[in-house]
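First the structure, in the form of structure tokens, and then the observations on it.
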Amino acid sequence: MKKFDRERVLLAVAGPVIALVVAVALTSIVLVASGKNPVEPYTLMFEQATFSDVQVLIINQASMYYIAALAVAIGFRMNLFNIGVDGQYQLAAMMAAIVGAHVALPAALQIPLLILTAVFTGMFWSGIAGVLKVTRGVSEVVATIMLNAIATSVIGYLWLPNVFGVKVGNNNTTGEMDESGWMPGIDMGAAGEIYGFVVIAVLLGIGYWVMLNRTRFGFDLRSSGASTTAAAASGVDPKRMVVTAMLLSGGLAGMAGLPILLGDTHTYSLNFPTGIGFLGIGIALLGRNNPTGIAFAALLWAWLDKASPELDFHDYDKEIAVIMQGLIVLSVVVSYEAVREWGLRRQQRRVGAELAAGNVLGASSDNSTEKEVAGR
């Protein structure tokens with residue numbers, strides 16, 4: 001491996017590693033300050049990860065985190081902060097649940113219909129922010145935050161009994177979906193069942209990598225994110241790229257709730273998971289917008305979620321995991337900036353050394369020429 005390639009790998013790995021180390025250290029300080037053992041909570045959570053049923057829970061949870069983080073990552077690649085993933089996936093899941101409860105087609109048609117419903121709902125909701133940005137200059141951060149609030153109100157309206165809501169006790173639901181829309185999973189015996197949508201999540205990660213690194217659109221996306229003026233000079237329409245990136249981000253976000261909707265709950269209710277879109281931001285940052293890095297970050301986040309309840313049985317607060325997640329996000333921002341500055345300094349020193357070496361070679365060449373002329 002060339003020296004330059006080794007440095008790139010080192011820089012890519014250094015950020016997440018530093019972030020995790022700092023987060024663990026700070027969490028340990030919090031534990032010590034509260035009079036707790038700073039090591040035992042990690043031992044307990046690592047022990048939980050050895051149980052097959054917990055592993056299934058981690059994989060299922062990670063699939064939702066992974067898709068949400070991919071949606072955020074596409075925006076990041078374009079220098080867009082799609083903070084509306086949470087509203088996009090919740091509204092998309094509800095629309096898919098409503099369609100699934102009122103349409104009954106063969107499974108070969110029903111499941112694709114539900115997926116497309118979720119994708120187009122997410123695209124429509126994120127597309128509003130994209131259009132506002134290119135036509136009115138509205139920040140996508142402000143627009144998507146407002147759209148999150150509007151999505152919550154729309155969901156509340158759709159839950160009304162005279163619209164699409166179905167009351168089950170004190171719970172608001174959309175009614176149970178037709179069984180043809182239930183996606184079969186991978187049976188793991190006593191450990192439970194892995195959602196079938198996990199396979200699609202993996203394919204989405206592969207498609208994300210191929211799109212970014214092997215297509216013209218991916219090159220335009222990355223170049224527009226690096227410099228809109230340079231991209232425009234090369235013939236790329238920046239407004240079109242903004243809208244397209246937001247549409248793609250929203251389409252992926254729309255699928256974030258499908259693993260649990262199609263594989264477990266089969267309805268959208270008050271118990272449906274919330275906050276996945278916001279967690280996707282931290283996971284995308286930790287994974288550095290790379291599909292493989294995001295996968296490991298999603299598994300880490302899911303492990304913290306599913307292993308932490310055991311802490312309650314050992315006189316530890318399970319909120320330790322929440323504290324650690326927050327510290328990871330904070331540490332990621334700080335460590336990536338530190339690594340970036342370190343990388344820039346190394347690059348500057350390398351360029352300076354190469355220039356100095358070039359000057360020495362140039363001076364030697366000039367001396368040789370002078371001696372040759374003098375000899376003549």
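Going through the structure tokens in order, the chains are called A, B, and so on, while each chain numbers its residues from 1 and the ligands are numbered from 1 in the order shown.
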Applying 10 Å and only C-alpha atoms, which residues near segment 232-244 of chain A remain after dropping the ones on its own chain fewer than 2 positions away? List them as a PyMOL selection string. chain A and resi 75+78-80+123+126-135+140+217+220-221+223-225+227-230+246-250
Any idea what's packed within 10 Å of Ser52 of chain A, counting only C-alpha atoms, ignoring anything in its chain fewer than 3 positions away? Could you give it as a PyMOL selection string? chain A and resi 48-49+55-58+188-192
For the residues in that selection, give me N, CA, C and O atoms as a PDB file, in the first residue's frame.
ATOM      1  N   GLN A  48     -24.289  -9.191  27.225  1.00  0.00           N
ATOM      2  CA  GLN A  48     -25.590  -9.286  26.561  1.00  0.00           C
ATOM      3  C   GLN A  48     -25.442  -9.557  25.067  1.00  0.00           C
ATOM      4  O   GLN A  48     -26.254 -10.260  24.472  1.00  0.00           O
ATOM      5  N   ALA A  49     -24.400  -9.001  24.467  1.00  0.00           N
ATOM      6  CA  ALA A  49     -24.197  -9.161  23.025  1.00  0.00           C
ATOM      7  C   ALA A  49     -23.845 -10.590  22.644  1.00  0.00           C
ATOM      8  O   ALA A  49     -23.859 -10.931  21.456  1.00  0.00           O
ATOM      9  N   GLN A  55     -28.747 -10.572  19.931  1.00  0.00           N
ATOM     10  CA  GLN A  55     -28.110 -10.326  18.633  1.00  0.00           C
ATOM     11  C   GLN A  55     -29.151 -10.084  17.548  1.00  0.00           C
ATOM     12  O   GLN A  55     -28.985  -9.195  16.701  1.00  0.00           O
ATOM     13  N   VAL A  56     -30.244 -10.855  17.593  1.00  0.00           N
ATOM     14  CA  VAL A  56     -31.325 -10.650  16.623  1.00  0.00           C
ATOM     15  C   VAL A  56     -31.950  -9.271  16.799  1.00  0.00           C
ATOM     16  O   VAL A  56     -32.202  -8.553  15.824  1.00  0.00           O
ATOM     17  N   LEU A  57     -32.190  -8.890  18.049  1.00  0.00           N
ATOM     18  CA  LEU A  57     -32.745  -7.562  18.327  1.00  0.00           C
ATOM     19  C   LEU A  57     -31.820  -6.457  17.829  1.00  0.00           C
ATOM     20  O   LEU A  57     -32.275  -5.444  17.283  1.00  0.00           O
ATOM     21  N   ILE A  58     -30.518  -6.648  18.022  1.00  0.00           N
ATOM     22  CA  ILE A  58     -29.541  -5.646  17.585  1.00  0.00           C
ATOM     23  C   ILE A  58     -29.557  -5.499  16.070  1.00  0.00           C
ATOM     24  O   ILE A  58     -29.569  -4.388  15.534  1.00  0.00           O
ATOM     25  N   MET A 188     -34.650 -17.632  13.156  1.00  0.00           N
ATOM     26  CA  MET A 188     -33.450 -17.989  13.913  1.00  0.00           C
ATOM     27  C   MET A 188     -33.781 -18.897  15.097  1.00  0.00           C
ATOM     28  O   MET A 188     -33.041 -18.953  16.076  1.00  0.00           O
ATOM     29  N   GLY A 189     -34.907 -19.590  15.007  1.00  0.00           N
ATOM     30  CA  GLY A 189     -35.283 -20.520  16.071  1.00  0.00           C
ATOM     31  C   GLY A 189     -35.711 -19.797  17.327  1.00  0.00           C
ATOM     32  O   GLY A 189     -36.480 -18.832  17.288  1.00  0.00           O
ATOM     33  N   ALA A 190     -35.193 -20.248  18.458  1.00  0.00           N
ATOM     34  CA  ALA A 190     -35.557 -19.655  19.750  1.00  0.00           C
ATOM     35  C   ALA A 190     -35.086 -18.218  19.877  1.00  0.00           C
ATOM     36  O   ALA A 190     -35.614 -17.455  20.700  1.00  0.00           O
ATOM     37  N   ALA A 191     -34.105 -17.815  19.073  1.00  0.00           N
ATOM     38  CA  ALA A 191     -33.571 -16.452  19.157  1.00  0.00           C
ATOM     39  C   ALA A 191     -34.528 -15.428  18.560  1.00  0.00           C
ATOM     40  O   ALA A 191     -34.411 -14.237  18.837  1.00  0.00           O
ATOM     41  N   GLY A 192     -35.499 -15.889  17.761  1.00  0.00           N
ATOM     42  CA  GLY A 192     -36.437 -14.959  17.142  1.00  0.00           C
ATOM     43  C   GLY A 192     -36.286 -14.930  15.634  1.00  0.00           C
ATOM     44  O   GLY A 192     -35.780 -15.883  15.025  1.00  0.00           O
TER      45      GLY A 192
END
Taking the DSSP secondary structure from the backbone, can you list the residues of segment 162-304 of chain A that are helix (DSSP H, G or I), as a VMD selection string? chain A and resid 179 to 181 189 to 191 197 to 214 216 to 226 228 to 233 238 to 254 258 to 265 276 to 286 291 to 304
Can you work out the spacing between atom CA of Leu116 of chain A and atom CA of Gln88 of chain A in Å, to one decimal? 13.8 Å
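Of the residues under consideration (A:Leu31, A:Ala23, A:Leu262, A:Val154), A:Leu262 shows the shortest atom-to-atom contact distance to Leu114 of chain A when counting only C-alpha atoms.
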What lies within 9 Å of Phe278 of chain A using only C-alpha atoms, ignoring chain neighbours under 2 positions off, as a PyMOL selection string? chain A and resi 68-69+83-86+275-276+280-282
Store the residues picked out above, limited to C-alpha atoms, as an mmCIF file, in the first residue's frame.
data_model
loop_
_atom_site.group_PDB
_atom_site.id
_atom_site.type_symbol
_atom_site.label_atom_id
_atom_site.label_comp_id
_atom_site.auth_asym_id
_atom_site.auth_seq_id
_atom_site.Cartn_x
_atom_site.Cartn_y
_atom_site.Cartn_z
ATOM 1 C CA ALA A 68 -31.979 6.477 8.270
ATOM 2 C CA ALA A 69 -28.240 7.171 8.393
ATOM 3 C CA ILE A 83 -32.783 17.098 9.650
ATOM 4 C CA GLY A 84 -36.285 16.083 8.557
ATOM 5 C CA VAL A 85 -35.591 12.350 8.222
ATOM 6 C CA ASP A 86 -37.624 11.755 11.383
ATOM 7 C CA GLY A 275 -36.495 9.546 16.917
ATOM 8 C CA ILE A 276 -34.757 7.223 14.458
ATOM 9 C CA GLY A 280 -29.342 8.646 11.976
ATOM 10 C CA ILE A 281 -27.490 11.977 12.068
ATOM 11 C CA GLY A 282 -25.068 10.765 14.748
#
